[in-house]
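J.: So that you have it, the file is entry_15.txt, and it contains compact mmCIF, C-alpha atoms and all ligand atoms:
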# COMPACT_ATOMS: atom_id res chain seq x y z
CA MET A 1 -37.87 -10.50 4.37
CA SER A 2 -34.31 -9.24 4.61
CA ASP A 3 -31.00 -10.36 6.02
CA SER A 4 -28.52 -7.88 7.47
CA ARG A 5 -25.68 -10.38 7.91
CA PRO A 6 -22.55 -9.63 5.85
CA ILE A 7 -21.53 -11.25 2.57
CA GLY A 8 -18.24 -13.17 2.91
CA ILE A 9 -15.80 -12.95 0.01
CA PHE A 10 -12.43 -14.64 -0.13
CA ASP A 11 -9.39 -14.72 -2.34
CA SER A 12 -5.78 -15.81 -2.11
CA GLY A 13 -4.79 -12.16 -1.80
CA ILE A 14 -5.99 -8.70 -2.69
CA GLY A 15 -6.68 -9.42 -6.40
CA GLY A 16 -10.21 -10.48 -5.44
CA LEU A 17 -10.92 -6.87 -4.50
CA THR A 18 -11.82 -6.56 -8.21
CA VAL A 19 -14.75 -8.88 -7.41
CA ALA A 20 -15.58 -6.99 -4.19
CA ARG A 21 -15.61 -3.79 -6.24
CA ALA A 22 -18.12 -5.26 -8.72
CA ILE A 23 -20.29 -6.50 -5.81
CA ARG A 24 -20.21 -3.10 -4.09
CA ARG A 25 -21.26 -1.45 -7.32
CA GLU A 26 -24.30 -3.73 -7.63
CA LEU A 27 -25.13 -4.14 -3.95
CA PRO A 28 -24.05 -0.89 -2.24
CA ARG A 29 -26.17 -1.49 0.89
CA GLU A 30 -24.60 -4.83 1.77
CA ASP A 31 -21.90 -5.24 4.42
CA LEU A 32 -18.96 -7.17 2.99
CA ILE A 33 -16.21 -9.07 4.77
CA TYR A 34 -13.32 -9.59 2.39
CA PHE A 35 -10.74 -12.19 3.39
CA GLY A 36 -7.39 -12.15 1.53
CA ASP A 37 -4.94 -14.95 2.31
CA THR A 38 -1.93 -12.74 1.57
CA ALA A 39 0.38 -14.85 3.78
CA ARG A 40 -0.11 -17.91 1.56
CA LEU A 41 -0.49 -16.28 -1.88
CA PRO A 42 -0.16 -17.40 -4.65
CA TYR A 43 -2.66 -20.24 -4.91
CA GLY A 44 -2.29 -20.53 -8.69
CA THR A 45 0.95 -22.50 -8.50
CA LYS A 46 -0.06 -24.77 -5.58
CA SER A 47 -1.54 -28.29 -5.57
CA GLU A 48 -5.26 -28.96 -5.53
CA GLN A 49 -5.07 -30.51 -2.05
CA THR A 50 -3.35 -27.48 -0.55
CA VAL A 51 -5.70 -24.92 -2.15
CA SER A 52 -8.70 -27.00 -1.04
CA ARG A 53 -7.46 -27.14 2.54
CA TYR A 54 -6.90 -23.37 2.59
CA ALA A 55 -10.37 -22.74 1.12
CA HIS A 56 -12.06 -24.85 3.83
CA GLN A 57 -10.14 -23.10 6.61
CA ILE A 58 -11.18 -19.69 5.31
CA ALA A 59 -14.81 -20.76 4.86
CA GLN A 60 -14.91 -21.89 8.52
CA PHE A 61 -13.36 -18.60 9.61
CA LEU A 62 -15.97 -16.58 7.71
CA LEU A 63 -18.82 -18.75 9.01
CA ARG A 64 -17.77 -17.79 12.53
CA ARG A 65 -18.22 -14.17 11.39
CA ASP A 66 -21.80 -15.10 10.55
CA VAL A 67 -21.72 -14.46 6.80
CA LYS A 68 -24.97 -15.17 4.94
CA VAL A 69 -23.36 -16.23 1.68
CA LEU A 70 -19.83 -17.12 0.62
CA VAL A 71 -18.34 -15.75 -2.60
CA VAL A 72 -15.18 -17.55 -3.70
CA ALA A 73 -13.60 -14.68 -5.64
CA CYS A 74 -10.43 -16.63 -6.36
CA ASN A 75 -10.65 -18.50 -9.66
CA THR A 76 -8.09 -21.06 -8.53
CA ALA A 77 -10.02 -21.86 -5.31
CA SER A 78 -13.29 -21.91 -7.28
CA ALA A 79 -11.75 -24.29 -9.80
CA VAL A 80 -10.50 -26.83 -7.28
CA ALA A 81 -12.66 -26.48 -4.16
CA LEU A 82 -16.13 -25.23 -5.05
CA PRO A 83 -18.08 -28.55 -5.17
CA ALA A 84 -16.64 -29.63 -1.79
CA LEU A 85 -17.44 -26.23 -0.23
CA GLU A 86 -21.01 -26.33 -1.57
CA LYS A 87 -21.46 -29.78 -0.07
CA SER A 88 -20.04 -29.00 3.34
CA LEU A 89 -21.50 -25.53 4.03
CA GLU A 90 -25.08 -24.72 4.95
CA ILE A 91 -25.02 -21.23 3.44
CA PRO A 92 -25.15 -20.55 -0.33
CA VAL A 93 -21.70 -20.63 -1.97
CA LEU A 94 -20.96 -18.84 -5.23
CA GLY A 95 -17.76 -19.26 -7.22
CA VAL A 96 -16.53 -17.23 -10.17
CA ILE A 97 -16.31 -20.03 -12.75
CA GLU A 98 -20.00 -20.51 -13.50
CA PRO A 99 -20.82 -16.79 -13.78
CA GLY A 100 -17.91 -16.34 -16.20
CA VAL A 101 -19.07 -19.34 -18.23
CA ILE A 102 -22.63 -18.04 -18.46
CA GLY A 103 -21.35 -14.65 -19.64
CA ALA A 104 -19.12 -16.27 -22.28
CA VAL A 105 -21.82 -18.60 -23.61
CA LYS A 106 -24.10 -15.58 -24.00
CA ALA A 107 -21.39 -13.62 -25.82
CA THR A 108 -20.08 -16.21 -28.31
CA LYS A 109 -21.42 -16.46 -31.84
CA THR A 110 -18.76 -18.79 -33.24
CA ASN A 111 -19.01 -21.28 -30.34
CA CYS A 112 -15.26 -21.03 -29.92
CA ILE A 113 -14.19 -19.64 -26.54
CA GLY A 114 -10.76 -18.94 -25.05
CA VAL A 115 -9.97 -19.20 -21.34
CA ILE A 116 -6.95 -17.74 -19.54
CA GLY A 117 -6.09 -18.32 -15.88
CA THR A 118 -3.43 -19.54 -13.46
CA VAL A 119 -1.70 -22.88 -14.01
CA ALA A 120 -3.87 -24.53 -11.32
CA THR A 121 -7.10 -23.18 -12.83
CA ILE A 122 -6.23 -24.25 -16.38
CA GLU A 123 -4.94 -27.68 -15.28
CA SER A 124 -8.14 -28.32 -13.30
CA ASN A 125 -10.17 -28.06 -16.55
CA ALA A 126 -12.95 -26.48 -14.46
CA TYR A 127 -13.76 -23.79 -17.05
CA SER A 128 -13.69 -26.18 -19.96
CA GLN A 129 -15.96 -28.69 -18.15
CA ALA A 130 -18.40 -25.98 -17.08
CA LEU A 131 -18.50 -24.60 -20.65
CA HIS A 132 -19.21 -28.04 -22.09
CA GLU A 133 -21.99 -28.57 -19.54
CA GLN A 134 -23.67 -25.47 -20.98
CA ASN A 135 -23.08 -26.44 -24.60
CA HIS A 136 -21.27 -29.62 -25.61
CA VAL A 137 -20.41 -28.40 -29.12
CA LEU A 138 -18.31 -25.50 -27.85
CA GLU A 139 -14.67 -25.46 -28.78
CA VAL A 140 -12.55 -24.32 -25.84
CA VAL A 141 -8.92 -23.17 -26.03
CA SER A 142 -7.26 -22.70 -22.62
CA VAL A 143 -3.93 -21.03 -21.86
CA ALA A 144 -2.26 -20.51 -18.46
CA CYS A 145 -0.77 -17.01 -18.06
CA PRO A 146 1.18 -17.20 -14.77
CA LEU A 147 3.16 -13.97 -15.26
CA PHE A 148 0.00 -11.86 -15.55
CA VAL A 149 -0.48 -11.94 -11.74
CA PRO A 150 2.91 -10.34 -10.89
CA LEU A 151 2.48 -7.90 -13.79
CA ALA A 152 -0.81 -6.64 -12.35
CA GLU A 153 0.63 -6.56 -8.81
CA GLU A 154 3.55 -4.45 -10.04
CA GLY A 155 1.23 -2.13 -11.92
CA LEU A 156 2.96 -2.99 -15.23
CA LEU A 157 -0.33 -2.83 -17.05
CA ASP A 158 0.98 -1.61 -20.40
CA GLY A 159 4.27 -0.89 -22.14
CA SER A 160 6.81 -3.17 -23.77
CA ILE A 161 7.18 -5.74 -20.96
CA ALA A 162 3.43 -6.27 -20.57
CA GLU A 163 3.01 -6.49 -24.35
CA ALA A 164 5.83 -9.00 -24.81
CA ILE A 165 4.40 -11.27 -22.11
CA ALA A 166 0.87 -10.91 -23.48
CA HIS A 167 2.10 -11.88 -26.97
CA ARG A 168 3.88 -14.92 -25.56
CA TYR A 169 0.65 -16.22 -23.99
CA LEU A 170 -2.05 -14.89 -26.28
CA ASP A 171 -0.67 -15.29 -29.79
CA THR A 172 -2.04 -18.87 -29.72
CA PHE A 173 -5.51 -17.35 -29.95
CA GLY A 174 -4.66 -15.65 -33.26
CA SER A 175 -5.28 -18.82 -35.27
CA ALA A 176 -7.74 -20.50 -32.89
CA GLY A 177 -10.85 -18.70 -34.16
CA ILE A 178 -12.18 -17.65 -30.75
CA ASP A 179 -14.59 -14.71 -30.55
CA THR A 180 -14.82 -14.63 -26.73
CA LEU A 181 -12.12 -14.78 -24.05
CA ILE A 182 -12.78 -15.48 -20.36
CA LEU A 183 -10.47 -13.57 -18.00
CA GLY A 184 -10.34 -16.45 -15.52
CA CYS A 185 -8.25 -14.82 -12.80
CA THR A 186 -8.87 -12.04 -10.30
CA HIS A 187 -5.96 -9.96 -11.63
CA TYR A 188 -6.60 -10.09 -15.35
CA PRO A 189 -9.31 -7.39 -15.66
CA TYR A 190 -6.51 -4.87 -14.94
CA LEU A 191 -4.65 -6.04 -18.01
CA THR A 192 -7.67 -5.55 -20.28
CA PRO A 193 -5.99 -2.81 -22.41
CA VAL A 194 -2.92 -4.90 -23.19
CA ILE A 195 -4.96 -8.09 -23.69
CA GLU A 196 -7.25 -6.22 -26.10
CA LYS A 197 -4.29 -4.80 -27.93
CA VAL A 198 -2.83 -8.26 -28.48
CA VAL A 199 -5.97 -10.31 -29.25
CA GLY A 200 -7.80 -7.52 -31.09
CA ARG A 201 -10.99 -5.66 -30.21
CA ARG A 202 -13.25 -8.08 -32.08
CA ILE A 203 -12.83 -10.61 -29.27
CA ALA A 204 -15.26 -10.09 -26.40
CA LEU A 205 -13.53 -10.18 -23.01
CA VAL A 206 -15.60 -11.69 -20.20
CA ASP A 207 -14.74 -10.60 -16.66
CA SER A 208 -15.90 -13.30 -14.24
CA GLY A 209 -16.04 -10.76 -11.38
CA SER A 210 -18.78 -8.57 -12.80
CA GLU A 211 -20.75 -11.62 -13.96
CA THR A 212 -20.50 -12.97 -10.38
CA ALA A 213 -21.92 -9.73 -8.97
CA HIS A 214 -25.03 -10.05 -11.23
CA ILE A 215 -25.61 -13.65 -10.19
CA LEU A 216 -25.10 -12.82 -6.51
CA THR A 217 -27.69 -10.03 -6.77
CA ASN A 218 -30.24 -12.44 -8.29
CA LEU A 219 -29.46 -15.09 -5.68
CA LEU A 220 -29.99 -12.69 -2.74
CA GLN A 221 -33.22 -11.37 -4.25
CA GLU A 222 -34.61 -14.84 -4.96
CA LYS A 223 -33.83 -16.02 -1.45
CA GLN A 224 -35.05 -12.73 0.05
CA MET A 225 -31.68 -12.28 1.69
CA THR A 226 -30.84 -8.69 0.71
CA ALA A 227 -30.01 -6.18 3.47
CA LYS A 228 -32.85 -3.84 4.36
CA ASP A 229 -30.80 -0.98 5.75
CA SER A 230 -30.76 2.03 3.43
CA SER A 231 -27.34 3.27 4.56
CA GLU A 232 -24.16 2.42 2.66
CA GLY A 233 -22.75 -1.01 3.46
CA ARG A 234 -19.42 -1.42 5.22
CA LEU A 235 -16.42 -3.18 3.70
CA THR A 236 -14.10 -4.90 6.16
CA VAL A 237 -10.85 -6.27 4.72
CA LEU A 238 -9.12 -9.05 6.66
CA LEU A 239 -5.67 -10.19 5.55
CA THR A 240 -3.35 -12.93 6.82
CA ASP A 241 -0.32 -10.71 6.14
CA LEU A 242 0.18 -7.03 5.46
CA PRO A 243 2.57 -7.15 2.51
CA ARG A 244 4.53 -4.15 1.30
CA ARG A 245 2.45 -1.97 -1.04
CA PHE A 246 -0.82 -3.78 -0.26
CA ARG A 247 -2.57 -0.47 0.41
CA GLU A 248 -1.52 0.99 -2.90
CA VAL A 249 -2.21 -2.14 -4.96
CA GLY A 250 -5.40 -2.94 -3.04
CA ALA A 251 -6.76 0.57 -3.56
CA ARG A 252 -6.11 0.19 -7.29
CA PHE A 253 -8.00 -3.13 -7.39
CA LEU A 254 -10.85 -1.80 -5.26
CA GLY A 255 -11.07 1.62 -6.91
CA GLN A 256 -11.06 3.43 -3.55
CA PRO A 257 -8.77 3.67 -0.51
CA LEU A 258 -8.58 0.64 1.78
CA ASP A 259 -9.70 1.94 5.18
CA ASP A 260 -10.98 -0.82 7.40
CA ILE A 261 -8.22 -3.46 7.42
CA GLY A 262 -7.50 -6.14 10.01
CA LEU A 263 -4.66 -8.65 10.29
CA VAL A 264 -5.93 -12.13 11.17
CA SER A 265 -4.43 -15.54 11.77
CA LEU A 266 -5.79 -18.94 10.77
CA ALA A 267 -3.35 -20.71 13.11
CA HIS A 268 -6.11 -22.54 14.98
CA ASP A 269 -8.15 -23.66 11.95
N1 LIG B 301 -6.60 -15.18 -7.03
C1 LIG B 301 -5.93 -16.05 -7.97
C2 LIG B 301 -6.94 -16.48 -9.05
O1 LIG B 301 -7.92 -15.81 -9.32
C3 LIG B 301 -4.72 -15.39 -8.60
C4 LIG B 301 -3.57 -15.18 -7.64
C5 LIG B 301 -3.01 -16.48 -7.09
O2 LIG B 301 -2.38 -17.25 -7.85
O3 LIG B 301 -3.20 -16.74 -5.91
O4 LIG B 301 -6.75 -17.52 -9.63
Let me see the structure of the file written as structure tokens.

T.:
Amino acid sequence: MSDSRPIGIFDSGIGGLTVARAIRRELPREDLIYFGDTARLPYGTKSEQTVSRYAHQIAQFLLRRDVKVLVVACNTASAVALPALEKSLEIPVLGVIEPGVIGAVKATKTNCIGVIGTVATIESNAYSQALHEQNHVLEVVSVACPLFVPLAEEGLLDGSIAEAIAHRYLDTFGSAGIDTLILGCTHYPYLTPVIEKVVGRRIALVDSGSETAHILTNLLQEKQMTAKDSSEGRLTVLLTDLPRRFREVGARFLGQPLDDIGLVSLAHD
């Protein structure tokens, strides 16, 4: 059995292209529809109710495009809206929190794990709850790093500004005894060099995006929902706004030029 329908992926903007990139690497034959809500970005500073409403609108939009599975690439949307989406949709829904948690639990030896994310993600406690569901003795230290998103968007991935901001957020981990750090935001994998420089190389960094791609692959295989076609899958990128520099920043996140882009509106959802 196979299923040639596309995989739907959504994020608040183009940061989730890091997740699309990991999925394309693992599942090159699958068609992907990537939805970036660039008109309403950022989600990380918004209320739970607003992010939830946005997530439901986008899920309905993608369902009308006949996606076979929905990947919530945005950590903030996964943190506040995943259970409600799973309940209301008839297709499988995969967020980025659980995959990241599974990766971190596998990596830790000291049972002390750090989590970094947007303010909304950290305040939701979604990572900490999911970690404790896996292992209730884990010690979890969570820190919101709101300036990391604009840093990555600006391409300020290293140098004195990036380092100063990283120290401000991450020095807390120096005395916390963590051996594993979850990068709980779409944009943070791009800051890996500066994060490593500040926290030290002994700390294992877990990128939720690549963990999500592994779990998605297993899910499609188990449910016999992989695409049969042997040709390379197509990536369609749909955005609610075409911000300045999105091509340049998006290509950096995706690791290849952004070709097939459409501007869409959710006005009627
Ligand atoms: N995509 C968001 C996340 O992973 C980061 C950007 C935003 O705040 O919207 O949490």

J.: Please list, as a list in words, the residues that have an atom at most 6 Å away from (-4.5, -18.6, -21.3) in the coordinates of this file, counting all atoms listed in the file.

T.: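 It turns out the residues near that spot are Val115, Ile116, Gly117, Ser142, Val143, Ala144 and Cys145 of chain A.
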
J.: Which distance in Å separates CA of Glu139 in chain A and CA of Val101 in chain A, to one decimal?

T.: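 Distance reported for this atom pair: 13.0 Å.
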
J.: Counting all atoms listed in the file, select every polymer residue within 10 Å of (-20.9, 3.3, 1.0) as defined in the file's coordinates, and provide the selection as a list in words.

T.: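 The answer, in the requested form, is Arg24, Arg25, Leu27, Pro28, Arg29, Glu30, Asp31, Ser231, Glu232, Gly233, Arg234 and Leu235 of chain A.
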
J.: Write out as a VMD selection string the residues lying within 6 Å of range 39-41 of chain A, counting all atoms listed in the file and excluding same-chain residues fewer than 4 positions away.

T.: chain A and resid 12 to 13 240 to 241

J.: Neighbouring residues of ligand LIG 301 (chain B) are defined here as those with any atom at most 7 Å from a ligand atom, counting all atoms listed in the file; list them as a list in words.

T.: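 Those within range of ligand LIG 301 (chain B) are Asp11, Ser12, Gly13, Gly15, Gly16, Leu41, Pro42, Tyr43, Gly44, Thr45, Ala73, Cys74, Asn75, Thr76, Ala77, Gly117, Thr118, Thr121, Val149, Gly184, Cys185, Thr186 and His187 of chain A.
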
J.: Point out the residue among A:Gly255, A:Arg244, A:Glu98, A:Ala107 with the least atom-to-atom distance to His214 in chain A, counting all atoms listed in the file.

T.: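 The closest residue to His214 in chain A is A:Glu98.
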
J.: For the atom pair CA of Val141 in chain A and CA of Asp171 in chain A, what is the interatomic distance in Å to one decimal place?

T.: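 Interatomic distance, CA of Val141 in chain A to CA of Asp171 in chain A: 12.0 Å.
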
J.: Could you write out as AutoDock Vina command-line options the box around range 122-138 of chain A (axis-aligned, all atoms listed in the file, 6 Å on each side), with centre and edge lengths in Å to one decimal?

T.:
--center_x -14.3 --center_y -26.7 --center_z -21.2 --size_x 30.7 --size_y 17.8 --size_z 27.8

J.: Starting from the sparse input, extend range 1-27 of chain A to N, CA and C atoms and give the output as a compact mmCIF listing (two decimals), keeping the file's coordinate frame.

T.:
# COMPACT_ATOMS: atom_id res chain seq x y z
N MET A 1 -38.97 -9.91 3.59
CA MET A 1 -37.87 -10.50 4.37
C MET A 1 -36.52 -9.88 3.97
N SER A 2 -35.64 -9.75 4.93
CA SER A 2 -34.31 -9.24 4.61
C SER A 2 -33.30 -9.93 5.53
N ASP A 3 -32.05 -9.70 5.25
CA ASP A 3 -31.00 -10.36 6.02
C ASP A 3 -29.83 -9.40 6.12
N SER A 4 -29.56 -8.91 7.33
CA SER A 4 -28.52 -7.88 7.47
C SER A 4 -27.13 -8.47 7.71
N ARG A 5 -27.00 -9.80 7.69
CA ARG A 5 -25.68 -10.38 7.91
C ARG A 5 -24.76 -10.02 6.71
N PRO A 6 -23.45 -10.01 6.95
CA PRO A 6 -22.55 -9.63 5.85
C PRO A 6 -22.40 -10.73 4.79
N ILE A 7 -21.92 -10.32 3.63
CA ILE A 7 -21.53 -11.25 2.57
C ILE A 7 -20.04 -11.54 2.78
N GLY A 8 -19.66 -12.81 2.79
CA GLY A 8 -18.24 -13.17 2.91
C GLY A 8 -17.65 -13.39 1.52
N ILE A 9 -16.48 -12.79 1.31
CA ILE A 9 -15.80 -12.95 0.01
C ILE A 9 -14.37 -13.38 0.32
N PHE A 10 -13.84 -14.38 -0.37
CA PHE A 10 -12.43 -14.64 -0.13
C PHE A 10 -11.62 -14.85 -1.40
N ASP A 11 -10.34 -14.55 -1.23
CA ASP A 11 -9.39 -14.72 -2.34
C ASP A 11 -8.04 -15.09 -1.72
N SER A 12 -7.14 -15.51 -2.58
CA SER A 12 -5.78 -15.81 -2.11
C SER A 12 -5.05 -14.54 -1.68
N GLY A 13 -5.49 -13.40 -2.16
CA GLY A 13 -4.79 -12.16 -1.80
C GLY A 13 -5.71 -10.97 -1.98
N ILE A 14 -5.16 -9.90 -2.53
CA ILE A 14 -5.99 -8.70 -2.69
C ILE A 14 -6.54 -8.56 -4.11
N GLY A 15 -6.16 -9.47 -5.02
CA GLY A 15 -6.68 -9.42 -6.40
C GLY A 15 -8.19 -9.52 -6.44
N GLY A 16 -8.76 -10.28 -5.49
CA GLY A 16 -10.21 -10.48 -5.44
C GLY A 16 -10.97 -9.21 -5.09
N LEU A 17 -10.24 -8.15 -4.73
CA LEU A 17 -10.92 -6.87 -4.50
C LEU A 17 -11.58 -6.39 -5.78
N THR A 18 -11.13 -6.90 -6.95
CA THR A 18 -11.82 -6.56 -8.21
C THR A 18 -13.25 -7.10 -8.17
N VAL A 19 -13.42 -8.28 -7.53
CA VAL A 19 -14.75 -8.88 -7.41
C VAL A 19 -15.56 -8.12 -6.36
N ALA A 20 -14.90 -7.77 -5.24
CA ALA A 20 -15.58 -6.99 -4.19
C ALA A 20 -16.06 -5.65 -4.76
N ARG A 21 -15.25 -5.07 -5.62
CA ARG A 21 -15.61 -3.79 -6.24
C ARG A 21 -16.88 -3.95 -7.08
N ALA A 22 -16.93 -5.02 -7.88
CA ALA A 22 -18.12 -5.26 -8.72
C ALA A 22 -19.35 -5.51 -7.83
N ILE A 23 -19.16 -6.21 -6.71
CA ILE A 23 -20.29 -6.50 -5.81
C ILE A 23 -20.76 -5.21 -5.13
N ARG A 24 -19.82 -4.37 -4.73
CA ARG A 24 -20.21 -3.10 -4.09
C ARG A 24 -20.98 -2.20 -5.05
N ARG A 25 -20.59 -2.27 -6.32
CA ARG A 25 -21.26 -1.45 -7.32
C ARG A 25 -22.72 -1.89 -7.45
N GLU A 26 -22.94 -3.21 -7.44
CA GLU A 26 -24.30 -3.73 -7.63
C GLU A 26 -25.12 -3.76 -6.34
N LEU A 27 -24.42 -3.97 -5.23
CA LEU A 27 -25.13 -4.14 -3.95
C LEU A 27 -24.55 -3.18 -2.90
